[in-house]
file target23.cif (mmCIF, C-alpha atoms)
data_protein
#
loop_
_atom_site.group_PDB
_atom_site.id
_atom_site.type_symbol
_atom_site.label_atom_id
_atom_site.label_comp_id
_atom_site.auth_asym_id
_atom_site.auth_seq_id
_atom_site.Cartn_x
_atom_site.Cartn_y
_atom_site.Cartn_z
ATOM 1 C CA MET A 8 0.000 0.000 0.000
ATOM 2 C CA ILE A 9 2.809 2.377 0.927
ATOM 3 C CA HIS A 10 4.587 1.621 -2.334
ATOM 4 C CA ARG A 11 1.366 2.245 -4.251
ATOM 5 C CA LEU A 12 0.843 5.611 -2.523
ATOM 6 C CA THR A 13 4.464 6.554 -3.125
ATOM 7 C CA GLY A 14 4.075 5.722 -6.797
ATOM 8 C CA CYS A 15 0.930 7.847 -7.066
ATOM 9 C CA PHE A 16 2.670 10.748 -5.323
ATOM 10 C CA LEU A 17 5.620 10.598 -7.708
ATOM 11 C CA LEU A 18 3.284 10.442 -10.708
ATOM 12 C CA VAL A 19 1.378 13.526 -9.521
ATOM 13 C CA LEU A 20 4.669 15.333 -8.846
ATOM 14 C CA PHE A 21 5.908 14.467 -12.350
ATOM 15 C CA LEU A 22 2.695 15.709 -13.989
ATOM 16 C CA CYS A 23 2.756 18.930 -11.963
ATOM 17 C CA THR A 24 6.380 19.512 -12.926
ATOM 18 C CA CYS A 25 5.576 19.002 -16.608
ATOM 19 C CA SER A 26 2.648 21.395 -16.330
ATOM 20 C CA PHE A 27 4.820 23.979 -14.558
ATOM 21 C CA ASN A 28 7.553 23.712 -17.187
ATOM 22 C CA GLU A 29 5.020 24.069 -19.995
ATOM 23 C CA SER A 30 3.459 27.148 -18.406
ATOM 24 C CA ASN A 31 6.946 28.612 -17.987
ATOM 25 C CA LYS A 32 8.095 27.732 -21.464
ATOM 26 C CA TYR A 33 9.667 31.154 -21.828
ATOM 27 C CA ARG A 34 12.115 32.652 -19.382
ATOM 28 C CA LYS A 35 10.467 35.736 -17.964
ATOM 29 C CA SER A 36 12.533 38.882 -18.124
ATOM 30 C CA ALA A 37 12.233 42.315 -16.583
ATOM 31 C CA ASP A 38 14.299 43.883 -19.364
ATOM 32 C CA THR A 39 12.950 46.699 -21.490
ATOM 33 C CA TYR A 40 13.443 46.601 -25.246
ATOM 34 C CA VAL A 41 13.187 49.875 -27.140
ATOM 35 C CA LEU A 42 12.537 49.099 -30.817
ATOM 36 C CA ILE A 43 13.663 51.788 -33.279
ATOM 37 C CA HIS A 44 12.222 51.386 -36.764
ATOM 38 C CA GLY A 45 13.963 52.243 -40.017
ATOM 39 C CA GLY A 46 13.112 54.553 -42.897
ATOM 40 C CA PHE A 47 9.643 54.670 -44.476
ATOM 41 C CA HIS A 48 8.254 52.703 -41.526
ATOM 42 C CA SER A 49 6.734 53.565 -38.160
ATOM 43 C CA ALA A 50 5.848 51.776 -34.906
ATOM 44 C CA TRP A 51 3.276 49.635 -36.749
ATOM 45 C CA CYS A 52 6.082 47.429 -38.094
ATOM 46 C CA TRP A 53 6.541 45.861 -34.624
ATOM 47 C CA ASN A 54 2.915 44.708 -34.349
ATOM 48 C CA LYS A 55 3.819 41.008 -34.655
ATOM 49 C CA LEU A 56 7.029 41.083 -32.630
ATOM 50 C CA LYS A 57 5.892 43.200 -29.675
ATOM 51 C CA PRO A 58 3.295 40.754 -28.246
ATOM 52 C CA LEU A 59 5.753 37.876 -28.567
ATOM 53 C CA LEU A 60 8.319 39.774 -26.510
ATOM 54 C CA GLU A 61 5.692 40.806 -23.979
ATOM 55 C CA LYS A 62 4.662 37.164 -23.639
ATOM 56 C CA ARG A 63 8.233 36.457 -22.573
ATOM 57 C CA GLY A 64 7.973 39.130 -19.897
ATOM 58 C CA PHE A 65 9.726 42.018 -21.642
ATOM 59 C CA HIS A 66 8.530 45.578 -21.459
ATOM 60 C CA VAL A 67 8.498 46.874 -25.047
ATOM 61 C CA VAL A 68 8.608 50.515 -26.157
ATOM 62 C CA THR A 69 8.085 51.389 -29.835
ATOM 63 C CA PRO A 70 8.639 55.104 -30.502
ATOM 64 C CA SER A 71 8.014 56.597 -33.941
ATOM 65 C CA TYR A 72 9.700 59.297 -35.966
ATOM 66 C CA ARG A 73 7.711 62.503 -36.190
ATOM 67 C CA VAL A 74 5.407 62.819 -39.169
ATOM 68 C CA GLY A 75 7.515 64.224 -41.971
ATOM 69 C CA GLY A 76 10.446 61.884 -41.689
ATOM 70 C CA LYS A 77 13.588 61.203 -39.759
ATOM 71 C CA GLU A 78 14.398 64.137 -37.525
ATOM 72 C CA PHE A 79 17.443 62.296 -36.206
ATOM 73 C CA PHE A 80 18.511 64.607 -33.440
ATOM 74 C CA SER A 81 15.053 65.622 -32.225
ATOM 75 C CA TYR A 82 14.155 61.933 -32.286
ATOM 76 C CA ALA A 83 17.233 61.110 -30.222
ATOM 77 C CA ASP A 84 16.319 64.014 -27.914
ATOM 78 C CA SER A 85 12.814 62.665 -27.295
ATOM 79 C CA ILE A 86 14.021 59.118 -26.598
ATOM 80 C CA GLY A 87 16.870 60.492 -24.525
ATOM 81 C CA ALA A 88 14.469 62.510 -22.394
ATOM 82 C CA TRP A 89 12.581 59.297 -21.697
ATOM 83 C CA LEU A 90 15.816 57.411 -20.976
ATOM 84 C CA THR A 91 16.797 59.917 -18.307
ATOM 85 C CA THR A 92 13.654 58.980 -16.356
ATOM 86 C CA ARG A 93 14.620 55.300 -16.307
ATOM 87 C CA GLN A 94 16.256 53.816 -13.230
ATOM 88 C CA GLN A 95 17.317 50.649 -15.049
ATOM 89 C CA PRO A 96 19.175 50.612 -18.388
ATOM 90 C CA VAL A 97 17.354 49.369 -21.474
ATOM 91 C CA ILE A 98 18.251 47.351 -24.550
ATOM 92 C CA LEU A 99 18.045 49.348 -27.784
ATOM 93 C CA LEU A 100 17.275 47.643 -31.083
ATOM 94 C CA GLY A 101 17.718 49.583 -34.309
ATOM 95 C CA HIS A 102 16.469 48.305 -37.657
ATOM 96 C CA SER A 103 18.013 49.541 -40.915
ATOM 97 C CA SER A 104 18.680 53.299 -40.555
ATOM 98 C CA GLY A 105 17.514 52.946 -36.951
ATOM 99 C CA GLY A 106 21.018 51.609 -36.329
ATOM 100 C CA MET A 107 22.347 55.157 -36.690
ATOM 101 C CA VAL A 108 19.842 56.353 -34.114
ATOM 102 C CA ILE A 109 20.850 53.809 -31.471
ATOM 103 C CA SER A 110 24.517 54.631 -32.095
ATOM 104 C CA GLU A 111 23.720 58.303 -31.456
ATOM 105 C CA LEU A 112 21.859 57.396 -28.279
ATOM 106 C CA ALA A 113 24.793 55.256 -27.138
ATOM 107 C CA LYS A 114 27.033 58.280 -27.498
ATOM 108 C CA ARG A 115 24.701 60.460 -25.455
ATOM 109 C CA TYR A 116 23.353 58.102 -22.794
ATOM 110 C CA PRO A 117 25.773 55.205 -22.269
ATOM 111 C CA ASP A 118 24.757 54.727 -18.617
ATOM 112 C CA LYS A 119 21.121 54.238 -19.594
ATOM 113 C CA ILE A 120 21.771 51.487 -22.138
ATOM 114 C CA LYS A 121 22.470 47.848 -21.323
ATOM 115 C CA GLY A 122 23.189 46.777 -24.889
ATOM 116 C CA LEU A 123 22.718 47.564 -28.574
ATOM 117 C CA VAL A 124 21.109 45.278 -31.136
ATOM 118 C CA TYR A 125 21.574 46.053 -34.833
ATOM 119 C CA LEU A 126 18.923 44.318 -36.953
ATOM 120 C CA SER A 127 20.067 44.455 -40.568
ATOM 121 C CA ALA A 128 21.098 47.949 -39.594
ATOM 122 C CA PHE A 129 23.752 50.549 -40.254
ATOM 123 C CA LEU A 130 26.572 49.989 -37.764
ATOM 124 C CA LEU A 131 28.769 52.654 -39.263
ATOM 125 C CA PRO A 132 32.537 52.504 -38.773
ATOM 126 C CA GLU A 133 34.067 55.899 -38.100
ATOM 127 C CA GLY A 134 34.423 57.935 -41.284
ATOM 128 C CA MET A 135 31.895 55.846 -43.257
ATOM 129 C CA SER A 136 28.454 56.881 -44.518
ATOM 130 C CA PRO A 137 25.508 54.769 -45.741
ATOM 131 C CA PRO A 138 26.217 55.489 -49.447
ATOM 132 C CA GLN A 139 29.809 54.319 -48.959
ATOM 133 C CA ILE A 140 28.594 51.123 -47.291
ATOM 134 C CA LEU A 141 26.093 50.437 -50.083
ATOM 135 C CA LYS A 142 28.546 51.139 -52.874
ATOM 136 C CA GLY A 143 28.902 48.002 -54.957
ATOM 137 C CA ASP A 144 26.047 46.212 -53.136
ATOM 138 C CA SER A 145 24.722 44.054 -55.986
ATOM 139 C CA GLN A 146 22.092 42.457 -53.752
ATOM 140 C CA SER A 147 20.411 45.725 -52.779
ATOM 141 C CA ILE A 148 17.665 47.159 -54.994
ATOM 142 C CA MET A 149 17.084 50.152 -52.735
ATOM 143 C CA GLN A 150 18.132 52.872 -55.169
ATOM 144 C CA SER A 151 16.065 51.492 -58.057
ATOM 145 C CA SER A 152 13.022 51.145 -55.764
ATOM 146 C CA LEU A 153 12.832 54.816 -54.772
ATOM 147 C CA ILE A 154 10.736 57.552 -56.352
ATOM 148 C CA ILE A 155 12.316 60.983 -55.913
ATOM 149 C CA ASP A 156 9.973 63.958 -55.589
ATOM 150 C CA GLU A 157 12.216 67.001 -56.019
ATOM 151 C CA GLN A 158 9.332 69.453 -55.811
ATOM 152 C CA ASN A 159 8.303 68.313 -52.322
ATOM 153 C CA GLN A 160 11.830 67.278 -51.342
ATOM 154 C CA VAL A 161 10.762 63.763 -50.361
ATOM 155 C CA MET A 162 11.381 60.234 -51.537
ATOM 156 C CA ARG A 163 8.956 57.324 -51.587
ATOM 157 C CA VAL A 164 9.221 53.600 -52.110
ATOM 158 C CA ASP A 165 7.724 52.453 -55.400
ATOM 159 C CA LYS A 166 4.821 50.327 -54.169
ATOM 160 C CA ASN A 167 5.216 48.013 -57.144
ATOM 161 C CA LYS A 168 8.715 47.162 -55.909
ATOM 162 C CA ALA A 169 8.145 47.367 -52.151
ATOM 163 C CA LYS A 170 7.391 43.677 -51.622
ATOM 164 C CA ARG A 171 10.637 42.573 -53.217
ATOM 165 C CA LEU A 172 12.555 45.310 -51.414
ATOM 166 C CA PHE A 173 11.229 44.888 -47.867
ATOM 167 C CA TYR A 174 8.807 41.967 -47.638
ATOM 168 C CA GLU A 175 9.858 39.330 -50.171
ATOM 169 C CA ASP A 176 9.557 36.475 -47.668
ATOM 170 C CA CYS A 177 6.302 37.709 -46.103
ATOM 171 C CA ASP A 178 2.960 36.221 -47.070
ATOM 172 C CA ASP A 179 0.957 38.307 -49.535
ATOM 173 C CA ALA A 180 -1.566 39.550 -46.974
ATOM 174 C CA THR A 181 1.136 40.789 -44.589
ATOM 175 C CA ALA A 182 3.118 42.393 -47.404
ATOM 176 C CA HIS A 183 0.017 44.132 -48.790
ATOM 177 C CA TRP A 184 -0.858 45.477 -45.327
ATOM 178 C CA ALA A 185 2.687 46.715 -44.700
ATOM 179 C CA ILE A 186 3.051 48.391 -48.095
ATOM 180 C CA LYS A 187 -0.084 50.442 -47.394
ATOM 181 C CA GLN A 188 1.557 51.798 -44.224
ATOM 182 C CA LEU A 189 4.788 53.016 -45.857
ATOM 183 C CA ARG A 190 5.359 56.756 -45.789
ATOM 184 C CA ALA A 191 7.580 59.278 -47.530
ATOM 185 C CA GLU A 192 10.924 60.390 -46.134
ATOM 186 C CA PRO A 193 12.704 63.730 -46.611
ATOM 187 C CA LEU A 194 15.448 63.789 -49.214
ATOM 188 C CA VAL A 195 17.752 65.355 -46.630
ATOM 189 C CA PRO A 196 16.897 64.584 -43.005
ATOM 190 C CA HIS A 197 16.701 67.737 -40.925
ATOM 191 C CA SER A 198 19.087 68.416 -38.088
ATOM 192 C CA VAL A 199 18.677 70.501 -34.975
ATOM 193 C CA GLY A 200 20.624 73.741 -34.885
ATOM 194 C CA ASP A 201 24.112 73.234 -36.275
ATOM 195 C CA GLN A 202 24.188 69.497 -35.560
ATOM 196 C CA THR A 203 24.683 67.045 -38.380
ATOM 197 C CA LEU A 204 24.335 63.289 -38.342
ATOM 198 C CA GLN A 205 27.644 61.793 -37.298
ATOM 199 C CA GLU A 206 29.136 58.435 -38.097
ATOM 200 C CA ASP A 207 29.343 55.882 -35.338
ATOM 201 C CA THR A 208 31.994 56.808 -32.791
ATOM 202 C CA SER A 209 33.735 55.288 -29.798
ATOM 203 C CA ALA A 210 30.525 55.063 -27.736
ATOM 204 C CA ALA A 211 29.249 52.140 -29.782
ATOM 205 C CA THR A 212 32.766 50.701 -29.853
ATOM 206 C CA PHE A 213 32.869 50.119 -26.100
ATOM 207 C CA MET A 214 29.216 49.272 -25.519
ATOM 208 C CA ARG A 215 28.051 45.670 -25.672
ATOM 209 C CA ARG A 216 26.432 45.127 -29.036
ATOM 210 C CA PHE A 217 24.951 42.358 -31.135
ATOM 211 C CA TYR A 218 24.152 42.078 -34.820
ATOM 212 C CA ILE A 219 21.283 40.175 -36.449
ATOM 213 C CA GLU A 220 22.070 39.746 -40.122
ATOM 214 C CA THR A 221 19.542 38.862 -42.817
ATOM 215 C CA LEU A 222 20.832 36.681 -45.634
ATOM 216 C CA ASP A 223 18.197 37.402 -48.298
ATOM 217 C CA ASP A 224 17.986 41.140 -47.715
ATOM 218 C CA ARG A 225 17.263 43.224 -50.825
ATOM 219 C CA ALA A 226 17.537 46.590 -49.041
ATOM 220 C CA LEU A 227 20.847 46.170 -47.218
ATOM 221 C CA GLY A 228 22.656 43.223 -48.766
ATOM 222 C CA ILE A 229 24.478 40.693 -46.614
ATOM 223 C CA ALA A 230 27.829 41.804 -48.062
ATOM 224 C CA SER A 231 27.151 45.345 -46.851
ATOM 225 C CA GLN A 232 26.077 44.103 -43.437
ATOM 226 C CA ARG A 233 29.305 42.150 -43.058
ATOM 227 C CA LYS A 234 31.377 45.038 -44.395
ATOM 228 C CA MET A 235 30.318 46.962 -41.288
ATOM 229 C CA GLN A 236 30.770 44.074 -38.886
ATOM 230 C CA ALA A 237 34.412 43.563 -39.843
ATOM 231 C CA PRO A 238 35.758 46.858 -38.386
ATOM 232 C CA MET A 239 33.008 46.997 -35.737
ATOM 233 C CA PRO A 240 32.967 43.460 -34.299
ATOM 234 C CA CYS A 241 29.978 42.517 -32.180
ATOM 235 C CA GLU A 242 29.767 40.287 -29.130
ATOM 236 C CA LYS A 243 27.703 37.843 -31.165
ATOM 237 C CA VAL A 244 26.247 37.775 -34.672
ATOM 238 C CA TYR A 245 22.977 35.965 -35.358
ATOM 239 C CA THR A 246 21.931 34.979 -38.860
ATOM 240 C CA LEU A 247 18.387 34.754 -40.187
ATOM 241 C CA LYS A 248 17.545 33.485 -43.649
ATOM 242 C CA SER A 249 15.117 36.295 -44.231
ATOM 243 C CA GLY A 250 14.515 39.483 -46.106
ATOM 244 C CA HIS A 251 14.784 42.967 -44.634
ATOM 245 C CA SER A 252 11.770 42.609 -42.315
ATOM 246 C CA PRO A 253 12.039 39.474 -40.146
ATOM 247 C CA PHE A 254 9.821 41.174 -37.538
ATOM 248 C CA LEU A 255 6.983 40.492 -40.005
ATOM 249 C CA SER A 256 8.157 37.315 -41.750
ATOM 250 C CA GLN A 257 9.845 35.487 -38.837
ATOM 251 C CA PRO A 258 8.712 37.179 -35.601
ATOM 252 C CA ASP A 259 9.003 34.001 -33.509
ATOM 253 C CA SER A 260 12.608 33.395 -34.543
ATOM 254 C CA LEU A 261 13.474 37.035 -33.961
ATOM 255 C CA ALA A 262 11.835 37.046 -30.522
ATOM 256 C CA ALA A 263 13.847 33.965 -29.546
ATOM 257 C CA ILE A 264 17.090 35.687 -30.553
ATOM 258 C CA LEU A 265 16.205 38.815 -28.585
ATOM 259 C CA ALA A 266 15.434 36.699 -25.522
ATOM 260 C CA GLU A 267 18.846 35.024 -25.874
ATOM 261 C CA ILE A 268 20.549 38.416 -26.134
ATOM 262 C CA SER A 269 18.806 39.588 -22.973
ATOM 263 C CA LEU A 270 19.923 36.450 -21.160
ATOM 264 C CA ALA A 271 23.513 36.941 -22.319
ATOM 265 C CA LEU A 272 23.531 40.550 -21.135
ATOM 266 C CA ASN A 273 22.162 39.639 -17.720
ATOM 267 C CA ILE A 274 24.329 36.571 -17.132
ATOM 268 C CA LYS A 275 27.571 38.432 -17.859
ATOM 269 C CA GLN A 276 26.504 41.477 -15.858
ATOM 270 C CA ASN A 277 25.725 39.326 -12.819
ATOM 271 C CA LYS A 278 29.127 37.578 -12.834
#

call {"tool": "encode", "arguments": {"input": "target23.cif", "output": "structure tokens"}}
result
Amino acid sequence: MIHRLTGCFLLVLFLCTCSFNESNKYRKSADTYVLIHGGFHSAWCWNKLKPLLEKRGFHVVTPSYRVGGKEFFSYADSIGAWLTTRQQPVILLGHSSGGMVISELAKRYPDKIKGLVYLSAFLLPEGMSPPQILKGDSQSIMQSSLIIDEQNQVMRVDKNKAKRLFYEDCDDATAHWAIKQLRAEPLVPHSVGDQTLQEDTSAATFMRRFYIETLDDRALGIASQRKMQAPMPCEKVYTLKSGHSPFLSQPDSLAAILAEISLALNIKQNK
């Protein structure tokens, strides 16, 4: 009888443990991710990724550029003002041209940032500009996909080419929805006062950073992504076989990578 009761107890304990492990499938984290979108996009592009990160316990902030395009320094000012209210440092993720924004924030607010994540983004070595990085990029179709409006001093993505450029590996419904959200960008981003957009400097050199490269990217080709990684090595490089927008085509895989990055940042900091 005792053996039978012991066996039942162990069986119940095993089932409870399995149930507990299943309910805690994801490691819960108190980290905050700030997701910085790239050109022509806005906070809507994180609609699939954000709930997946929140399910894992992350706090997720998705600021947008002001209407009218990338006001780099005023944008950095507004995020910086929010960062100064934070007691705990955050993880910044920059997609595409958003990489330049997180590098600027790293220069200004290093004590407020736990780590930098460049998602198919510009991680500019000192003295380099985006056109220099893209020079000779045979995989990118960015230039041929833009419509230049000199009269209004803006540029738009040709909607007939947008799927191949940004969303080639997305399903048709997702791509169609995303293309409708795209907006124009100024030909020359405005600055504040006498400031001009600077290349990445020593701030991003000393801060812990990670790169998520996208192999089938038609906006920022893999050769260009690796051209930047060579002089600006990252703590770890993750590779996705995706186009330029894995937050829409592979949000689960991207969320898993971001959870791993958070874990790496916290484990090393606690040592």

call {"tool": "resolve_selection", "arguments": {"input": "target23.cif", "expression": "the PyMOL selection byres ((chain A and resi 90-105) around 7)", "output": "list in words"}}
result
Asp38, Thr39, Tyr40, Val41, Leu42, Ile43, His44, Gly45, Gly46, Ile86, Gly87, Ala88, Trp89, Gly106, Met107, Val108, Ile109, Asp118, Lys119, Ile120, Lys121, Gly122, Leu123, Val124, Tyr125, Leu126, Ser127, Ala128 and Phe129 of chain A

call {"tool": "write_last_selection", "arguments": {"input": "target23.cif", "atoms": "C-alpha atoms", "output": "PDB file, keeping the file's coordinate frame"}}
result
ATOM      1  CA  ASP A  38      14.299  43.883 -19.364  1.00  0.00           C
ATOM      2  CA  THR A  39      12.950  46.699 -21.490  1.00  0.00           C
ATOM      3  CA  TYR A  40      13.443  46.601 -25.246  1.00  0.00           C
ATOM      4  CA  VAL A  41      13.187  49.875 -27.140  1.00  0.00           C
ATOM      5  CA  LEU A  42      12.537  49.099 -30.817  1.00  0.00           C
ATOM      6  CA  ILE A  43      13.663  51.788 -33.279  1.00  0.00           C
ATOM      7  CA  HIS A  44      12.222  51.386 -36.764  1.00  0.00           C
ATOM      8  CA  GLY A  45      13.963  52.243 -40.017  1.00  0.00           C
ATOM      9  CA  GLY A  46      13.112  54.553 -42.897  1.00  0.00           C
ATOM     10  CA  ILE A  86      14.021  59.118 -26.598  1.00  0.00           C
ATOM     11  CA  GLY A  87      16.870  60.492 -24.525  1.00  0.00           C
ATOM     12  CA  ALA A  88      14.469  62.510 -22.394  1.00  0.00           C
ATOM     13  CA  TRP A  89      12.581  59.297 -21.697  1.00  0.00           C
ATOM     14  CA  GLY A 106      21.018  51.609 -36.329  1.00  0.00           C
ATOM     15  CA  MET A 107      22.347  55.157 -36.690  1.00  0.00           C
ATOM     16  CA  VAL A 108      19.842  56.353 -34.114  1.00  0.00           C
ATOM     17  CA  ILE A 109      20.850  53.809 -31.471  1.00  0.00           C
ATOM     18  CA  ASP A 118      24.757  54.727 -18.617  1.00  0.00           C
ATOM     19  CA  LYS A 119      21.121  54.238 -19.594  1.00  0.00           C
ATOM     20  CA  ILE A 120      21.771  51.487 -22.138  1.00  0.00           C
ATOM     21  CA  LYS A 121      22.470  47.848 -21.323  1.00  0.00           C
ATOM     22  CA  GLY A 122      23.189  46.777 -24.889  1.00  0.00           C
ATOM     23  CA  LEU A 123      22.718  47.564 -28.574  1.00  0.00           C
ATOM     24  CA  VAL A 124      21.109  45.278 -31.136  1.00  0.00           C
ATOM     25  CA  TYR A 125      21.574  46.053 -34.833  1.00  0.00           C
ATOM     26  CA  LEU A 126      18.923  44.318 -36.953  1.00  0.00           C
ATOM     27  CA  SER A 127      20.067  44.455 -40.568  1.00  0.00           C
ATOM     28  CA  ALA A 128      21.098  47.949 -39.594  1.00  0.00           C
ATOM     29  CA  PHE A 129      23.752  50.549 -40.254  1.00  0.00           C
TER      30      PHE A 129
END

call {"tool": "atom_distance", "arguments": {"input": "target23.cif", "atom1": "atom CA of Ile148 of chain A", "atom2": "atom CA of Arg171 of chain A"}}
result
8.6 Å

call {"tool": "residues_around", "arguments": {"input": "target23.cif", "residues": "segment 258-264 of chain A", "least_positions_apart": "6", "cutoff": "10 Å", "atoms": "all atoms listed in the file", "output": "JSON list (two decimals) with C-alpha atoms, in the coordinates of the input"}}
result
[["chain", "number", "residue", "atom", "x", "y", "z"],
["A", 33, "TYR", "CA", 9.67, 31.15, -21.83],
["A", 53, "TRP", "CA", 6.54, 45.86, -34.62],
["A", 54, "ASN", "CA", 2.92, 44.71, -34.35],
["A", 55, "LYS", "CA", 3.82, 41.01, -34.66],
["A", 56, "LEU", "CA", 7.03, 41.08, -32.63],
["A", 57, "LYS", "CA", 5.89, 43.20, -29.68],
["A", 58, "PRO", "CA", 3.30, 40.75, -28.25],
["A", 59, "LEU", "CA", 5.75, 37.88, -28.57],
["A", 60, "LEU", "CA", 8.32, 39.77, -26.51],
["A", 61, "GLU", "CA", 5.69, 40.81, -23.98],
["A", 62, "LYS", "CA", 4.66, 37.16, -23.64],
["A", 63, "ARG", "CA", 8.23, 36.46, -22.57],
["A", 126, "LEU", "CA", 18.92, 44.32, -36.95],
["A", 219, "ILE", "CA", 21.28, 40.17, -36.45],
["A", 245, "TYR", "CA", 22.98, 35.97, -35.36],
["A", 246, "THR", "CA", 21.93, 34.98, -38.86],
["A", 247, "LEU", "CA", 18.39, 34.75, -40.19],
["A", 252, "SER", "CA", 11.77, 42.61, -42.32],
["A", 270, "LEU", "CA", 19.92, 36.45, -21.16]]

call {"tool": "atom_distance", "arguments": {"input": "target23.cif", "atom1": "atom CA of Ile140 of chain A", "atom2": "atom CA of Ser231 of chain A"}}
result
6.0 Å

call {"tool": "closest_residue", "arguments": {"input": "target23.cif", "among": "A:Lys114, A:Phe47, A:Glu175, A:Val67", "to": "Val161 of chain A", "atoms": "only C-alpha atoms"}}
result
A:Phe47

call {"tool": "atom_distance", "arguments": {"input": "target23.cif", "atom1": "atom CA of Leu172 of chain A", "atom2": "atom CA of Glu192 of chain A"}}
result
16.1 Å

call {"tool": "resolve_selection", "arguments": {"input": "target23.cif", "expression": "the PyMOL selection byres ((chain A and resi 189) around 12)", "output": "VMD selection string"}}
result
chain A and resid 44 to 52 74 76 162 to 166 169 to 170 173 to 174 182 to 188 190 to 192

call {"tool": "closest_residue", "arguments": {"input": "target23.cif", "among": "A:Gln158, A:Ser136, A:Tyr218, A:Asp144", "to": "Ala237 of chain A", "atoms": "only C-alpha atoms"}}
result
A:Tyr218

call {"tool": "residues_around", "arguments": {"input": "target23.cif", "residues": "Pro138 of chain A", "least_positions_apart": "3", "cutoff": "12 Å", "atoms": "all atoms listed in the file", "output": "short mmCIF file (atom, residue, chain, number, x, y, z; two decimals) with C-alpha atoms, in the frame of the given file"}}
result
data_model
loop_
_atom_site.label_atom_id
_atom_site.label_comp_id
_atom_site.auth_asym_id
_atom_site.auth_seq_id
_atom_site.Cartn_x
_atom_site.Cartn_y
_atom_site.Cartn_z
CA SER A 104 18.68 53.30 -40.56
CA PHE A 129 23.75 50.55 -40.25
CA LEU A 131 28.77 52.65 -39.26
CA GLY A 134 34.42 57.94 -41.28
CA MET A 135 31.90 55.85 -43.26
CA LEU A 141 26.09 50.44 -50.08
CA LYS A 142 28.55 51.14 -52.87
CA GLY A 143 28.90 48.00 -54.96
CA ASP A 144 26.05 46.21 -53.14
CA SER A 147 20.41 45.72 -52.78
CA MET A 149 17.08 50.15 -52.74
CA GLN A 150 18.13 52.87 -55.17
CA LEU A 227 20.85 46.17 -47.22
CA SER A 231 27.15 45.34 -46.85
#

call {"tool": "axis_aligned_box", "arguments": {"input": "target23.cif", "around": "segment 149-167 of chain A", "padding_each_side": "3 Å", "output": "AutoDock Vina command-line options"}}
result
--center_x 11.5 --center_y 58.7 --center_z -54.2 --size_x 19.3 --size_y 27.4 --size_z 13.7

call {"tool": "closest_residue", "arguments": {"input": "target23.cif", "among": "A:Gly228, A:Asp176, A:Met235, A:Arg216", "to": "Gln257 of chain A", "atoms": "all atoms listed in the file"}}
result
A:Asp176

call {"tool": "resolve_selection", "arguments": {"input": "target23.cif", "expression": "the PyMOL selection byres ((chain A and resi 242) around 6)", "output": "list in words"}}
result
Arg216, Phe217, Cys241 and Lys243 of chain A

call {"tool": "closest_residue", "arguments": {"input": "target23.cif", "among": "A:His66, A:Lys168, A:Arg115, A:Arg233", "to": "Glu220 of chain A", "atoms": "only C-alpha atoms"}}
result
A:Arg233

call {"tool": "residues_around", "arguments": {"input": "target23.cif", "residues": "Asn159 of chain A", "least_positions_apart": "4", "cutoff": "10 Å", "atoms": "only C-alpha atoms", "output": "ChimeraX atom specification"}}
result
/A:155,193-194

call {"tool": "decode", "arguments": {"input": "target23.cif", "residues": "segment 120-131 of chain A", "atoms": "N, CA and C atoms", "output": "PDB file, in the first residue's frame"}}
result
ATOM      1  N   ILE A 120      21.930  52.533 -21.124  1.00  0.00           N
ATOM      2  CA  ILE A 120      21.771  51.487 -22.138  1.00  0.00           C
ATOM      3  C   ILE A 120      22.539  50.244 -21.731  1.00  0.00           C
ATOM      4  N   LYS A 121      21.851  49.121 -21.693  1.00  0.00           N
ATOM      5  CA  LYS A 121      22.470  47.848 -21.323  1.00  0.00           C
ATOM      6  C   LYS A 121      23.175  47.222 -22.516  1.00  0.00           C
ATOM      7  N   GLY A 122      22.596  47.361 -23.696  1.00  0.00           N
ATOM      8  CA  GLY A 122      23.189  46.777 -24.889  1.00  0.00           C
ATOM      9  C   GLY A 122      22.531  47.308 -26.140  1.00  0.00           C
ATOM     10  N   LEU A 123      23.204  47.118 -27.270  1.00  0.00           N
ATOM     11  CA  LEU A 123      22.718  47.564 -28.574  1.00  0.00           C
ATOM     12  C   LEU A 123      22.516  46.358 -29.476  1.00  0.00           C
ATOM     13  N   VAL A 124      21.398  46.349 -30.184  1.00  0.00           N
ATOM     14  CA  VAL A 124      21.109  45.278 -31.136  1.00  0.00           C
ATOM     15  C   VAL A 124      20.867  45.908 -32.496  1.00  0.00           C
ATOM     16  N   TYR A 125      21.694  45.539 -33.464  1.00  0.00           N
ATOM     17  CA  TYR A 125      21.574  46.053 -34.833  1.00  0.00           C
ATOM     18  C   TYR A 125      20.909  44.981 -35.690  1.00  0.00           C
ATOM     19  N   LEU A 126      19.684  45.257 -36.136  1.00  0.00           N
ATOM     20  CA  LEU A 126      18.923  44.318 -36.953  1.00  0.00           C
ATOM     21  C   LEU A 126      18.996  44.750 -38.409  1.00  0.00           C
ATOM     22  N   SER A 127      19.841  44.053 -39.178  1.00  0.00           N
ATOM     23  CA  SER A 127      20.067  44.455 -40.568  1.00  0.00           C
ATOM     24  C   SER A 127      20.174  45.974 -40.638  1.00  0.00           C
ATOM     25  N   ALA A 128      21.062  46.507 -39.825  1.00  0.00           N
ATOM     26  CA  ALA A 128      21.098  47.949 -39.594  1.00  0.00           C
ATOM     27  C   ALA A 128      22.466  48.525 -39.902  1.00  0.00           C
ATOM     28  N   PHE A 129      22.494  49.848 -40.036  1.00  0.00           N
ATOM     29  CA  PHE A 129      23.752  50.549 -40.254  1.00  0.00           C
ATOM     30  C   PHE A 129      24.521  50.656 -38.947  1.00  0.00           C
ATOM     31  N   LEU A 130      25.605  49.909 -38.859  1.00  0.00           N
ATOM     32  CA  LEU A 130      26.572  49.989 -37.764  1.00  0.00           C
ATOM     33  C   LEU A 130      27.809  50.628 -38.380  1.00  0.00           C
ATOM     34  N   LEU A 131      27.798  51.945 -38.440  1.00  0.00           N
ATOM     35  CA  LEU A 131      28.769  52.654 -39.263  1.00  0.00           C
ATOM     36  C   LEU A 131      30.141  52.754 -38.600  1.00  0.00           C
TER      37      LEU A 131
END
